[in-house]
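**Student:** What follows is upload23.pdb, made up of PDB, C-alpha atoms:
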MODEL        1
ATOM      1  CA  MET A   1     -56.335  -7.778 -85.446
ATOM      2  CA  LYS A   2     -54.719  -9.079 -88.611
ATOM      3  CA  TRP A   3     -53.676  -5.689 -89.958
ATOM      4  CA  CYS A   4     -51.558  -4.969 -86.844
ATOM      5  CA  ILE A   5     -48.613  -6.746 -88.465
ATOM      6  CA  GLY A   6     -49.082  -4.471 -91.459
ATOM      7  CA  TYR A   7     -48.831  -1.434 -89.181
ATOM      8  CA  ILE A   8     -45.539  -2.746 -87.814
ATOM      9  CA  ILE A   9     -44.226  -3.162 -91.364
ATOM     10  CA  VAL A  10     -45.113   0.483 -92.096
ATOM     11  CA  LEU A  11     -43.406   1.591 -88.877
ATOM     12  CA  VAL A  12     -40.302  -0.373 -89.815
ATOM     13  CA  SER A  13     -40.321   1.203 -93.281
ATOM     14  CA  VAL A  14     -40.559   4.722 -91.830
ATOM     15  CA  SER A  15     -37.733   4.029 -89.409
ATOM     16  CA  SER A  16     -35.483   2.461 -92.040
ATOM     17  CA  SER A  17     -36.153   5.263 -94.549
ATOM     18  CA  LEU A  18     -35.131   7.768 -91.878
ATOM     19  CA  PHE A  19     -31.810   5.987 -91.660
ATOM     20  CA  SER A  20     -31.293   5.271 -95.356
ATOM     21  CA  GLN A  21     -31.408   8.924 -96.409
ATOM     22  CA  SER A  22     -27.796   9.342 -95.436
ATOM     23  CA  GLN A  23     -24.824   7.504 -96.859
ATOM     24  CA  LEU A  24     -22.717   8.259 -93.819
ATOM     25  CA  ASN A  25     -22.167   5.409 -91.442
ATOM     26  CA  ARG A  26     -21.561   7.949 -88.698
ATOM     27  CA  PHE A  27     -25.072   9.310 -89.107
ATOM     28  CA  LEU A  28     -26.458   5.894 -88.255
ATOM     29  CA  LYS A  29     -24.431   5.569 -85.066
ATOM     30  CA  PRO A  30     -26.594   5.896 -81.925
ATOM     31  CA  SER A  31     -25.977   9.156 -80.111
ATOM     32  CA  ASP A  32     -24.019   8.932 -76.830
ATOM     33  CA  THR A  33     -26.067  11.797 -75.403
ATOM     34  CA  LEU A  34     -29.592  13.033 -75.983
ATOM     35  CA  ASN A  35     -29.978  14.409 -79.518
ATOM     36  CA  THR A  36     -33.137  16.494 -79.268
ATOM     37  CA  SER A  37     -33.556  16.969 -83.012
ATOM     38  CA  ARG A  38     -33.448  13.235 -83.605
ATOM     39  CA  ARG A  39     -35.758  12.550 -80.670
ATOM     40  CA  ASN A  40     -38.289  15.143 -81.809
ATOM     41  CA  ALA A  41     -38.245  13.833 -85.368
ATOM     42  CA  ILE A  42     -38.873  10.279 -84.137
ATOM     43  CA  VAL A  43     -41.664  11.232 -81.735
ATOM     44  CA  ILE A  44     -43.419  13.407 -84.322
ATOM     45  CA  SER A  45     -43.060  10.773 -87.070
ATOM     46  CA  GLU A  46     -44.298   7.863 -84.985
ATOM     47  CA  THR A  47     -47.180   9.665 -83.299
ATOM     48  CA  SER A  48     -48.263  11.132 -86.649
ATOM     49  CA  LEU A  49     -48.159   7.691 -88.251
ATOM     50  CA  ALA A  50     -50.239   6.259 -85.395
ATOM     51  CA  ALA A  51     -52.801   9.068 -85.667
ATOM     52  CA  ILE A  52     -53.046   8.778 -89.452
ATOM     53  CA  THR A  53     -53.456   5.014 -89.151
ATOM     54  CA  LEU A  54     -56.299   5.385 -86.643
ATOM     55  CA  VAL A  55     -58.084   7.957 -88.799
ATOM     56  CA  GLY A  56     -57.600   5.768 -91.857
ATOM     57  CA  LEU A  57     -59.009   2.757 -90.044
ATOM     58  CA  ASP A  58     -62.047   4.728 -88.965
ATOM     59  CA  GLN A  59     -62.756   5.930 -92.497
ATOM     60  CA  LEU A  60     -61.688   2.935 -94.581
ATOM     61  CA  TRP A  61     -62.316  -0.026 -92.292
ATOM     62  CA  TYR A  62     -64.926   0.686 -89.618
ATOM     63  CA  SER A  63     -67.112   2.859 -91.859
ATOM     64  CA  ASP A  64     -68.018  -0.271 -93.856
ATOM     65  CA  TYR A  65     -69.753  -1.779 -90.822
ATOM     66  CA  PRO A  66     -72.651  -0.547 -88.646
ATOM     67  CA  ARG A  67     -71.722   1.436 -85.531
ATOM     68  CA  SER A  68     -73.073   0.462 -82.139
ATOM     69  CA  LYS A  69     -73.022   1.418 -78.507
ATOM     70  CA  PHE A  70     -69.837   0.382 -76.757
ATOM     71  CA  ARG A  71     -69.915  -3.346 -76.116
ATOM     72  CA  THR A  72     -67.564  -6.108 -75.061
ATOM     73  CA  ILE A  73     -67.179  -9.632 -76.440
ATOM     74  CA  ASN A  74     -65.491 -12.855 -75.362
ATOM     75  CA  ASP A  75     -63.557 -14.191 -78.356
ATOM     76  CA  SER A  76     -60.837 -15.972 -76.389
ATOM     77  CA  ASP A  77     -61.624 -19.358 -77.974
ATOM     78  CA  GLU A  78     -61.471 -18.234 -81.623
ATOM     79  CA  TRP A  79     -58.812 -19.238 -84.202
ATOM     80  CA  LEU A  80     -57.114 -21.535 -81.652
ATOM     81  CA  GLN A  81     -55.780 -18.312 -80.060
ATOM     82  CA  MET A  82     -53.612 -17.474 -83.091
ATOM     83  CA  ASP A  83     -55.162 -13.995 -83.253
ATOM     84  CA  LYS A  84     -54.319 -13.420 -79.587
ATOM     85  CA  ILE A  85     -50.690 -14.363 -80.125
ATOM     86  CA  GLY A  86     -50.741 -11.909 -83.021
ATOM     87  CA  HIS A  87     -51.691  -9.189 -80.538
ATOM     88  CA  VAL A  88     -48.813 -10.221 -78.260
ATOM     89  CA  PHE A  89     -46.445 -10.055 -81.243
ATOM     90  CA  SER A  90     -47.729  -6.649 -82.375
ATOM     91  CA  SER A  91     -47.429  -4.949 -78.984
ATOM     92  CA  TYR A  92     -43.994  -6.482 -78.374
ATOM     93  CA  GLN A  93     -42.586  -5.388 -81.729
ATOM     94  CA  LEU A  94     -44.067  -1.892 -81.533
ATOM     95  CA  GLY A  95     -42.415  -1.432 -78.151
ATOM     96  CA  ARG A  96     -39.088  -2.915 -79.225
ATOM     97  CA  LEU A  97     -38.779  -1.019 -82.489
ATOM     98  CA  SER A  98     -39.812   2.285 -80.918
ATOM     99  CA  ALA A  99     -37.301   1.876 -78.091
ATOM    100  CA  ASN A 100     -34.492   0.955 -80.493
ATOM    101  CA  THR A 101     -35.226   4.004 -82.604
ATOM    102  CA  LEU A 102     -35.077   6.225 -79.527
ATOM    103  CA  ASN A 103     -31.753   4.629 -78.615
ATOM    104  CA  TRP A 104     -30.437   6.039 -81.894
ATOM    105  CA  ALA A 105     -31.458   9.480 -80.599
ATOM    106  CA  GLY A 106     -29.597   8.990 -77.307
ATOM    107  CA  VAL A 107     -32.737   8.770 -75.142
ATOM    108  CA  SER A 108     -32.129   7.206 -71.729
ATOM    109  CA  LYS A 109     -32.929   3.531 -71.165
ATOM    110  CA  LYS A 110     -35.797   4.521 -68.866
ATOM    111  CA  GLY A 111     -37.220   6.830 -71.533
ATOM    112  CA  GLN A 112     -36.926   4.113 -74.172
ATOM    113  CA  ILE A 113     -38.872   1.638 -72.039
ATOM    114  CA  ILE A 114     -41.591   4.113 -71.082
ATOM    115  CA  TYR A 115     -42.139   5.519 -74.580
ATOM    116  CA  GLY A 116     -41.781   2.192 -76.362
ATOM    117  CA  SER A 117     -44.262   0.518 -74.035
ATOM    118  CA  SER A 118     -46.675   3.444 -74.205
ATOM    119  CA  LEU A 119     -46.701   3.568 -77.999
ATOM    120  CA  GLY A 120     -47.480  -0.113 -78.526
ATOM    121  CA  LEU A 121     -50.016  -0.530 -75.750
ATOM    122  CA  GLY A 122     -51.626   2.891 -76.282
ATOM    123  CA  PHE A 123     -52.080   2.413 -80.024
ATOM    124  CA  LEU A 124     -53.553  -1.069 -79.700
ATOM    125  CA  THR A 125     -55.841   0.077 -76.865
ATOM    126  CA  ALA A 126     -57.204   2.834 -79.120
ATOM    127  CA  VAL A 127     -57.901   0.253 -81.813
ATOM    128  CA  GLU A 128     -59.656  -1.992 -79.303
ATOM    129  CA  VAL A 129     -61.898   0.891 -78.227
ATOM    130  CA  MET A 130     -62.805   1.456 -81.878
ATOM    131  CA  ASP A 131     -63.707  -2.236 -82.072
ATOM    132  CA  GLY A 132     -65.991  -1.682 -79.100
ATOM    133  CA  PHE A 133     -68.137   0.763 -81.069
ATOM    134  CA  SER A 134     -68.542  -1.589 -84.042
ATOM    135  CA  GLU A 135     -71.303  -4.191 -84.362
ATOM    136  CA  GLU A 136     -68.914  -6.373 -86.362
ATOM    137  CA  TRP A 137     -66.430  -6.839 -83.506
ATOM    138  CA  GLY A 138     -66.560  -5.448 -79.965
ATOM    139  CA  PHE A 139     -64.057  -4.639 -77.240
ATOM    140  CA  SER A 140     -62.182  -7.811 -76.320
ATOM    141  CA  TRP A 141     -60.616  -8.160 -72.879
ATOM    142  CA  ALA A 142     -58.701 -11.157 -74.225
ATOM    143  CA  ASP A 143     -57.133  -8.903 -76.869
ATOM    144  CA  MET A 144     -56.233  -6.352 -74.206
ATOM    145  CA  ALA A 145     -54.624  -9.053 -72.060
ATOM    146  CA  ALA A 146     -52.583 -10.153 -75.080
ATOM    147  CA  ASN A 147     -51.533  -6.555 -75.782
ATOM    148  CA  ALA A 148     -50.399  -6.146 -72.168
ATOM    149  CA  LEU A 149     -48.505  -9.440 -72.300
ATOM    150  CA  GLY A 150     -46.544  -8.352 -75.373
ATOM    151  CA  THR A 151     -45.677  -5.019 -73.798
ATOM    152  CA  GLY A 152     -44.684  -6.792 -70.589
ATOM    153  CA  LEU A 153     -42.429  -9.201 -72.492
ATOM    154  CA  PHE A 154     -40.498  -6.260 -73.910
ATOM    155  CA  ALA A 155     -40.399  -4.010 -70.839
ATOM    156  CA  GLY A 156     -39.843  -6.838 -68.369
ATOM    157  CA  GLN A 157     -36.705  -8.059 -70.114
ATOM    158  CA  GLU A 158     -35.281  -4.551 -70.292
ATOM    159  CA  LEU A 159     -35.867  -4.067 -66.571
ATOM    160  CA  LEU A 160     -34.570  -7.520 -65.610
ATOM    161  CA  TRP A 161     -31.659  -8.041 -67.995
ATOM    162  CA  GLN A 162     -31.201  -4.672 -69.791
ATOM    163  CA  GLU A 163     -31.499  -6.598 -73.069
ATOM    164  CA  GLN A 164     -33.877  -8.774 -75.068
ATOM    165  CA  ARG A 165     -32.757 -12.337 -74.391
ATOM    166  CA  ILE A 166     -36.046 -13.806 -75.621
ATOM    167  CA  LEU A 167     -37.322 -12.434 -78.923
ATOM    168  CA  LEU A 168     -40.809 -12.821 -80.343
ATOM    169  CA  LYS A 169     -40.616 -13.615 -84.063
ATOM    170  CA  TYR A 170     -42.877 -14.453 -86.999
ATOM    171  CA  SER A 171     -42.788 -16.763 -89.993
ATOM    172  CA  PHE A 172     -45.293 -17.583 -92.729
ATOM    173  CA  HIS A 173     -45.979 -20.166 -95.420
ATOM    174  CA  ARG A 174     -48.889 -20.360 -97.849
ATOM    175  CA  THR A 175     -51.664 -22.913 -97.281
ATOM    176  CA  ARG A 176     -54.562 -24.402 -99.238
ATOM    177  CA  PHE A 177     -57.157 -22.883 -96.925
ATOM    178  CA  ALA A 178     -56.963 -19.354 -98.325
ATOM    179  CA  GLU A 179     -58.169 -20.654-101.704
ATOM    180  CA  GLN A 180     -61.242 -22.118 -99.995
ATOM    181  CA  ARG A 181     -62.158 -18.868 -98.247
ATOM    182  CA  PRO A 182     -60.252 -15.931 -99.786
ATOM    183  CA  ASP A 183     -62.658 -13.321 -98.386
ATOM    184  CA  LYS A 184     -61.635 -14.266 -94.834
ATOM    185  CA  LEU A 185     -58.150 -15.732 -95.195
ATOM    186  CA  GLY A 186     -56.789 -13.526 -97.950
ATOM    187  CA  ASN A 187     -56.722 -13.328-101.732
ATOM    188  CA  GLY A 188     -53.115 -13.431-102.879
ATOM    189  CA  LEU A 189     -49.808 -13.625-101.025
ATOM    190  CA  THR A 190     -49.915 -10.131 -99.500
ATOM    191  CA  GLU A 191     -53.351 -10.602 -97.948
ATOM    192  CA  GLU A 192     -52.646 -14.184 -96.895
ATOM    193  CA  PHE A 193     -49.487 -13.031 -95.092
ATOM    194  CA  LEU A 194     -51.698 -10.939 -92.824
ATOM    195  CA  LYS A 195     -54.934 -12.941 -92.729
ATOM    196  CA  ASP A 196     -54.303 -16.673 -93.036
ATOM    197  CA  TYR A 197     -53.726 -17.914 -89.499
ATOM    198  CA  ASN A 198     -53.102 -21.409 -90.875
ATOM    199  CA  GLY A 199     -49.822 -20.275 -92.417
ATOM    200  CA  GLN A 200     -48.574 -18.159 -89.525
ATOM    201  CA  THR A 201     -46.139 -19.348 -86.877
ATOM    202  CA  TYR A 202     -45.092 -17.300 -83.851
ATOM    203  CA  TRP A 203     -41.788 -18.036 -82.132
ATOM    204  CA  LEU A 204     -40.174 -17.433 -78.772
ATOM    205  CA  SER A 205     -36.519 -17.229 -79.787
ATOM    206  CA  ALA A 206     -34.167 -17.469 -76.791
ATOM    207  CA  ASN A 207     -30.474 -16.645 -77.051
ATOM    208  CA  ILE A 208     -28.480 -19.620 -75.795
ATOM    209  CA  ASN A 209     -25.343 -17.777 -74.669
ATOM    210  CA  ALA A 210     -27.343 -15.143 -72.801
ATOM    211  CA  PHE A 211     -28.349 -17.904 -70.390
ATOM    212  CA  LEU A 212     -25.518 -20.476 -70.536
ATOM    213  CA  LYS A 213     -22.514 -18.128 -70.921
ATOM    214  CA  THR A 214     -20.468 -20.609 -72.968
ATOM    215  CA  ASP A 215     -17.678 -20.081 -75.500
ATOM    216  CA  TYR A 216     -18.628 -23.136 -77.558
ATOM    217  CA  ILE A 217     -21.832 -21.771 -79.066
ATOM    218  CA  PRO A 218     -21.982 -18.753 -81.410
ATOM    219  CA  ASN A 219     -23.293 -15.684 -79.627
ATOM    220  CA  TRP A 220     -25.963 -15.172 -82.281
ATOM    221  CA  LEU A 221     -27.460 -18.678 -82.102
ATOM    222  CA  ASN A 222     -30.947 -19.002 -80.584
ATOM    223  CA  LEU A 223     -33.222 -21.873 -79.613
ATOM    224  CA  ALA A 224     -36.739 -21.232 -80.900
ATOM    225  CA  PHE A 225     -40.094 -22.552 -79.708
ATOM    226  CA  GLY A 226     -42.954 -22.069 -82.173
ATOM    227  CA  TYR A 227     -46.738 -22.243 -82.142
ATOM    228  CA  GLY A 228     -49.051 -22.500 -85.124
ATOM    229  CA  ALA A 229     -52.407 -23.953 -86.133
ATOM    230  CA  ASP A 230     -53.940 -25.688 -89.122
ATOM    231  CA  GLY A 231     -57.320 -26.643 -90.566
ATOM    232  CA  MET A 232     -59.177 -23.411 -89.750
ATOM    233  CA  LEU A 233     -61.726 -21.948 -92.145
ATOM    234  CA  SER A 234     -63.533 -19.996 -89.438
ATOM    235  CA  GLY A 235     -62.732 -18.560 -86.051
ATOM    236  CA  ASP A 236     -65.514 -20.633 -84.527
ATOM    237  CA  ALA A 237     -64.926 -24.382 -84.227
ATOM    238  CA  ASN A 238     -68.707 -24.916 -84.308
ATOM    239  CA  ASP A 239     -69.470 -22.733 -87.314
ATOM    240  CA  PRO A 240     -72.379 -24.453 -89.147
ATOM    241  CA  LEU A 241     -71.078 -23.203 -92.494
ATOM    242  CA  PHE A 242     -67.844 -25.175 -92.003
ATOM    243  CA  PRO A 243     -68.774 -28.289 -90.033
ATOM    244  CA  ASN A 244     -65.790 -30.485 -90.902
ATOM    245  CA  GLN A 245     -62.843 -28.351 -89.845
ATOM    246  CA  ASN A 246     -59.866 -30.464 -88.804
ATOM    247  CA  ARG A 247     -58.445 -27.859 -86.434
ATOM    248  CA  THR A 248     -54.985 -28.760 -85.152
ATOM    249  CA  ARG A 249     -52.505 -27.048 -82.850
ATOM    250  CA  GLN A 250     -48.850 -27.270 -83.851
ATOM    251  CA  TYR A 251     -45.774 -26.942 -81.643
ATOM    252  CA  TYR A 252     -42.274 -26.497 -83.047
ATOM    253  CA  LEU A 253     -38.667 -26.743 -81.891
ATOM    254  CA  SER A 254     -36.016 -25.161 -84.089
ATOM    255  CA  LEU A 255     -32.919 -22.980 -84.199
ATOM    256  CA  ASP A 256     -32.811 -19.287 -85.044
ATOM    257  CA  ILE A 257     -30.386 -16.387 -85.438
ATOM    258  CA  ASP A 258     -30.514 -13.220 -83.370
ATOM    259  CA  LEU A 259     -29.368 -10.784 -86.053
ATOM    260  CA  SER A 260     -28.765  -8.037 -83.477
ATOM    261  CA  ARG A 261     -25.954 -10.131 -81.923
ATOM    262  CA  ILE A 262     -23.949 -10.484 -85.134
ATOM    263  CA  LYS A 263     -20.806  -8.413 -84.618
ATOM    264  CA  THR A 264     -20.218  -5.703 -87.194
ATOM    265  CA  LYS A 265     -18.785  -2.204 -87.164
ATOM    266  CA  SER A 266     -21.221  -1.094 -89.840
ATOM    267  CA  ASN A 267     -24.118   0.885 -88.432
ATOM    268  CA  VAL A 268     -25.903   0.362 -91.741
ATOM    269  CA  LEU A 269     -25.846  -3.401 -91.231
ATOM    270  CA  LYS A 270     -26.846  -3.019 -87.575
ATOM    271  CA  THR A 271     -29.899  -1.062 -88.687
ATOM    272  CA  ILE A 272     -30.828  -3.639 -91.329
ATOM    273  CA  PHE A 273     -30.368  -6.472 -88.836
ATOM    274  CA  ASP A 274     -32.595  -4.706 -86.310
ATOM    275  CA  VAL A 275     -35.366  -4.228 -88.866
ATOM    276  CA  PHE A 276     -35.364  -7.843 -90.074
ATOM    277  CA  ASN A 277     -35.004  -9.343 -86.608
ATOM    278  CA  VAL A 278     -38.803  -9.649 -86.479
ATOM    279  CA  ILE A 279     -38.612 -12.623 -88.886
ATOM    280  CA  LYS A 280     -37.656 -16.143 -87.826
ATOM    281  CA  VAL A 281     -34.692 -17.392 -89.879
ATOM    282  CA  PRO A 282     -35.591 -20.660 -91.691
ATOM    283  CA  PHE A 283     -34.042 -23.779 -90.138
ATOM    284  CA  PRO A 284     -34.956 -27.447 -89.792
ATOM    285  CA  ALA A 285     -37.764 -27.875 -87.253
ATOM    286  CA  LEU A 286     -39.387 -30.650 -85.257
ATOM    287  CA  GLU A 287     -43.192 -30.454 -85.143
ATOM    288  CA  LEU A 288     -45.517 -32.068 -82.616
ATOM    289  CA  ASN A 289     -49.237 -31.466 -83.111
ATOM    290  CA  SER A 290     -52.351 -31.868 -80.977
ATOM    291  CA  LEU A 291     -53.157 -35.146 -82.740
ATOM    292  CA  GLY A 292     -50.048 -36.668 -81.175
ATOM    293  CA  ARG A 293     -48.117 -36.814 -84.457
ATOM    294  CA  ALA A 294     -44.499 -35.778 -84.899
ATOM    295  CA  LYS A 295     -42.921 -34.530 -88.106
ATOM    296  CA  LEU A 296     -39.453 -33.347 -89.080
ATOM    297  CA  HIS A 297     -39.282 -30.373 -91.441
ATOM    298  CA  TYR A 298     -35.950 -30.179 -93.208
ATOM    299  CA  PHE A 299     -36.529 -26.516 -93.958
ATOM    300  CA  TYR A 300     -39.374 -24.733 -92.146
ATOM    301  CA  PHE A 301     -40.628 -21.211 -92.666
TER     302      PHE A 301
ENDMDL
END
Represent the structure contained in this file as structure tokens.

**Tutor:**
Amino acid sequence: MKWCIGYIIVLVSVSSSLFSQSQLNRFLKPSDTLNTSRRNAIVISETSLAAITLVGLDQLWYSDYPRSKFRTINDSDEWLQMDKIGHVFSSYQLGRLSANTLNWAGVSKKGQIIYGSSLGLGFLTAVEVMDGFSEEWGFSWADMAANALGTGLFAGQELLWQEQRILLKYSFHRTRFAEQRPDKLGNGLTEEFLKDYNGQTYWLSANINAFLKTDYIPNWLNLAFGYGADGMLSGDANDPLFPNQNRTRQYYLSLDIDLSRIKTKSNVLKTIFDVFNVIKVPFPALELNSLGRAKLHYFYF
């Protein structure tokens, strides 16, 4: 769902505020051994935030729509799958950020993978079950598959390479479509950032040196492959209310920066880099769309 990105932003804010309360660079250094007080504080904070979010959704979101018996839906063909990629992104980032926070507490790599994966997938599964009891939505197996894929992308890389060589990132630009349907696509920049699928782009950002092992390319430089869509006023391509949608898939090739690979001795900067590593760094990009047209963007975000 569209608000999942918002939940990640809140999680990032909680994590960063935990770090920013101290001016000491040493405080921000990850513990070499298990620090139980740090671990307990993280687990309590993150589980409490997840519980509060679920309760808030039930009272402020789902209460506005009729309840129903548990039901499933097939929405795999909606929004040119942009919403599904959003689920992949959400579960991946929840797992990654949770694991990185536990690394600060000195939790073992195995514990980081298990807890990080459990938090992202468990939270999104609970939300999907809540969807299942709402007449407005319904439990989507396609959403669940996307959630599992995002968790697998995080956990699989940790198990295979002990690092994240391929990052999942996000970028956004405003479009004209939100003005045509603000109730669905957002009214104002903040809502559009979360709701307007036409302005969202999701990126697989692969670190070049992690695969090629060369001294001629900066260690922080990534090659990024993006996917976006355009021309959507409704999730349904055959919506009778919007019969002339010019729905187009967009594929991008660009460069990116893996902020976590920038060398610095400052733990403050490392923390900031980790938080903002969810965002694709703007670069020139080559676009190829489903209409067979190519376009060069001198500066794409």

**Student:** Determine the residue membership of the PyMOL selection byres ((chain A and resi 152-160) around 7) for the file above and supply it as a VMD selection string.

**Tutor:** chain A and resid 92 95 to 96 113 117 148 to 151 161 to 164

**Student:** Could you make a table, as CSV, of the residues of range 233-266 of chain A that have an atom within 12 Å of an atom of range 60-80 of chain A, each with its nearest atom pair and distance in Å to one decimal, counting all atoms listed in the file, in chain and number order?

**Tutor:**
residue,atom,partner,partner_atom,distance
A:Leu233,CA,A:Trp79,CA,8.9
A:Ser234,CA,A:Trp79,CA,7.1
A:Gly235,CA,A:Trp79,CA,4.4
A:Asp236,CA,A:Glu78,CA,5.5
A:Ala237,CA,A:Glu78,CA,7.5
A:Asn238,CA,A:Glu78,CA,10.2
A:Asp239,CA,A:Glu78,CA,10.8
A:Gln245,CA,A:Trp79,CA,11.5
A:Asn246,CA,A:Leu80,CA,11.8
A:Arg247,CA,A:Leu80,CA,8.0
A:Thr248,CA,A:Leu80,CA,8.3
A:Arg249,CA,A:Leu80,CA,7.3
A:Gln250,CA,A:Leu80,CA,10.3

**Student:** Okay, now the selection with C-alpha atoms, as a short mmCIF file (atom, residue, chain, number, x, y, z; two decimals), in the frame of the given file?

**Tutor:**
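Wrote it out as part_18.cif, contents follow:
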data_model
loop_
_atom_site.label_atom_id
_atom_site.label_comp_id
_atom_site.auth_asym_id
_atom_site.auth_seq_id
_atom_site.Cartn_x
_atom_site.Cartn_y
_atom_site.Cartn_z
CA LEU A 233 -61.73 -21.95 -92.14
CA SER A 234 -63.53 -20.00 -89.44
CA GLY A 235 -62.73 -18.56 -86.05
CA ASP A 236 -65.51 -20.63 -84.53
CA ALA A 237 -64.93 -24.38 -84.23
CA ASN A 238 -68.71 -24.92 -84.31
CA ASP A 239 -69.47 -22.73 -87.31
CA GLN A 245 -62.84 -28.35 -89.84
CA ASN A 246 -59.87 -30.46 -88.80
CA ARG A 247 -58.44 -27.86 -86.43
CA THR A 248 -54.98 -28.76 -85.15
CA ARG A 249 -52.50 -27.05 -82.85
CA GLN A 250 -48.85 -27.27 -83.85
#

**Student:** Which residues are close to Gly111 in chain A, i.e. within 12 Å by all atoms listed in the file, leaving aside same-chain residues fewer than 6 positions away? Reply as a list of chain:residue names.

**Tutor:**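 So the residues in contact are A:Leu34, A:Arg39, A:Val43, A:Gly95, A:Ser98, A:Ala99, A:Asn100, A:Thr101, A:Leu102, A:Asn103, A:Ala105, A:Ser117, A:Ser118, A:Leu119, A:Ala155, A:Glu158.
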
**Student:** Tell me, as number ranges by chain, which residues lie within 8 Å of Asn198 in chain A, counting only C-alpha atoms; anything in the same chain fewer than 6 positions away does not count.

**Tutor:** A: 175, 177, 228-232

**Student:** One decimal, in Å: what's the spacing between CA of Leu97 in chain A and CA of Lys110 in chain A?

**Tutor:**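 Spanning CA of Leu97 in chain A to CA of Lys110 in chain A is a straight-line distance of 15.0 Å.
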
**Student:** Evaluate the PyMOL selection byres ((chain A and resi 286-301) around 6) against this structure - the residues, as a list of chain:residue names, please.

**Tutor:**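 Those residues are A:Ser171, A:Phe172, A:Thr248, A:Arg249, A:Gln250, A:Tyr251, A:Tyr252, A:Leu253, A:Pro282, A:Phe283, A:Pro284, A:Ala285.
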
**Student:** Go through A:Ala210, A:Thr264, A:Arg26, A:Gly106 and flag the residue nearest Ile42 in chain A, using only C-alpha atoms for the distances.

**Tutor:**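 Of the candidates, the smallest distance to Ile42 in chain A is held by A:Gly106.
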
**Student:** Quick one: of A:Leu259, A:Thr125, A:Lys265, A:Tyr216, who's nearest to Phe139 in chain A, counting all atoms listed in the file?

**Tutor:**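 Under the stated criterion, the closest residue is A:Thr125.
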
**Student:** Given all atoms listed in the file as the basis, pick out the residue of A:Leu194, A:Gly122, A:Ser37, A:Val88 nearest to Ala50 in chain A.

**Tutor:**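 Comparing A:Leu194, A:Gly122, A:Ser37, A:Val88 against Ala50 in chain A, the winner is A:Gly122.
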
**Student:** For the atom pair CA of Tyr170 in chain A and CA of Phe211 in chain A, what is the interatomic distance in Å to one decimal place?

**Tutor:** 22.3 Å

**Student:** What does the distance between CA of Ile208 in chain A and CA of Asn222 in chain A come to in Å, to one decimal place?

**Tutor:**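 Spanning CA of Ile208 in chain A to CA of Asn222 in chain A is a straight-line distance of 5.4 Å.
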
**Student:** Using the chain letters and numbers from the file, give me the residues hit by the PyMOL selection byres ((chain A and resi 257) around 8), as a list in words.

**Tutor:** Trp220, Leu221, Asn222, Leu255, Asp256, Asp258, Leu259, Lys280 and Val281 of chain A

**Student:** As a list in words, please: the residues near Asn147 in chain A (cut-off 9 Å, all atoms listed in the file, same-chain neighbours under 6 positions excluded).

**Tutor:**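 Final neighbour list, sorted by chain and number: Lys84, Ile85, His87, Val88, Phe89, Ser90, Ser91, Tyr92, Gly120, Leu121, Leu124 and Thr125 of chain A.
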
**Student:** Write out as JSON an axis-aligned box for range 164-167 of chain A: all of its atoms listed in the file, 3 Å added on each side, centre and edge lengths in Å with one decimal.

**Tutor:**
{"center_x": -35.0, "center_y": -11.3, "center_z": -76.7, "size_x": 10.6, "size_y": 11.0, "size_z": 10.5}

**Student:** Restricting the calculation to all atoms listed in the file, which member of A:Arg181, A:Met130, A:Asn40, A:Tyr115 is positioned closest to Leu241 in chain A?

**Tutor:**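 Ranked by minimum distance to Leu241 in chain A, first place goes to A:Arg181.
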
**Student:** Just write range 68-97 of chain A with C-alpha atoms, as a short mmCIF file (atom, residue, chain, number, x, y, z; two decimals), in the first residue's frame, taken from the block above.

**Tutor:**
data_model
loop_
_atom_site.label_atom_id
_atom_site.label_comp_id
_atom_site.auth_asym_id
_atom_site.auth_seq_id
_atom_site.Cartn_x
_atom_site.Cartn_y
_atom_site.Cartn_z
CA SER A 68 -16.35 -7.71 5.68
CA LYS A 69 -15.65 -11.38 6.08
CA PHE A 70 -12.10 -12.30 5.16
CA ARG A 71 -11.74 -12.30 1.39
CA THR A 72 -9.01 -12.42 -1.21
CA ILE A 73 -8.62 -10.41 -4.42
CA ASN A 74 -6.49 -10.59 -7.55
CA ASP A 75 -5.10 -7.11 -8.19
CA SER A 76 -1.90 -8.20 -9.93
CA ASP A 77 -2.71 -6.23 -13.10
CA GLU A 78 -3.38 -2.87 -11.43
CA TRP A 79 -1.23 0.29 -11.72
CA LEU A 80 1.13 -1.47 -14.17
CA GLN A 81 2.49 -3.31 -11.09
CA MET A 82 3.93 -0.12 -9.57
CA ASP A 83 2.10 -0.84 -6.30
CA LYS A 84 3.61 -4.33 -6.20
CA ILE A 85 7.12 -2.98 -6.63
CA GLY A 86 6.29 -0.61 -3.79
CA HIS A 87 5.64 -3.65 -1.60
CA VAL A 88 8.99 -5.14 -2.63
CA PHE A 89 10.69 -1.85 -1.75
CA SER A 90 8.93 -1.57 1.62
CA SER A 91 9.76 -5.09 2.81
CA TYR A 92 13.36 -4.78 1.61
CA GLN A 93 13.97 -1.46 3.35
CA LEU A 94 12.28 -2.52 6.58
CA GLY A 95 14.53 -5.56 6.71
CA ARG A 96 17.69 -3.66 5.80
CA LEU A 97 17.18 -0.76 8.19
#
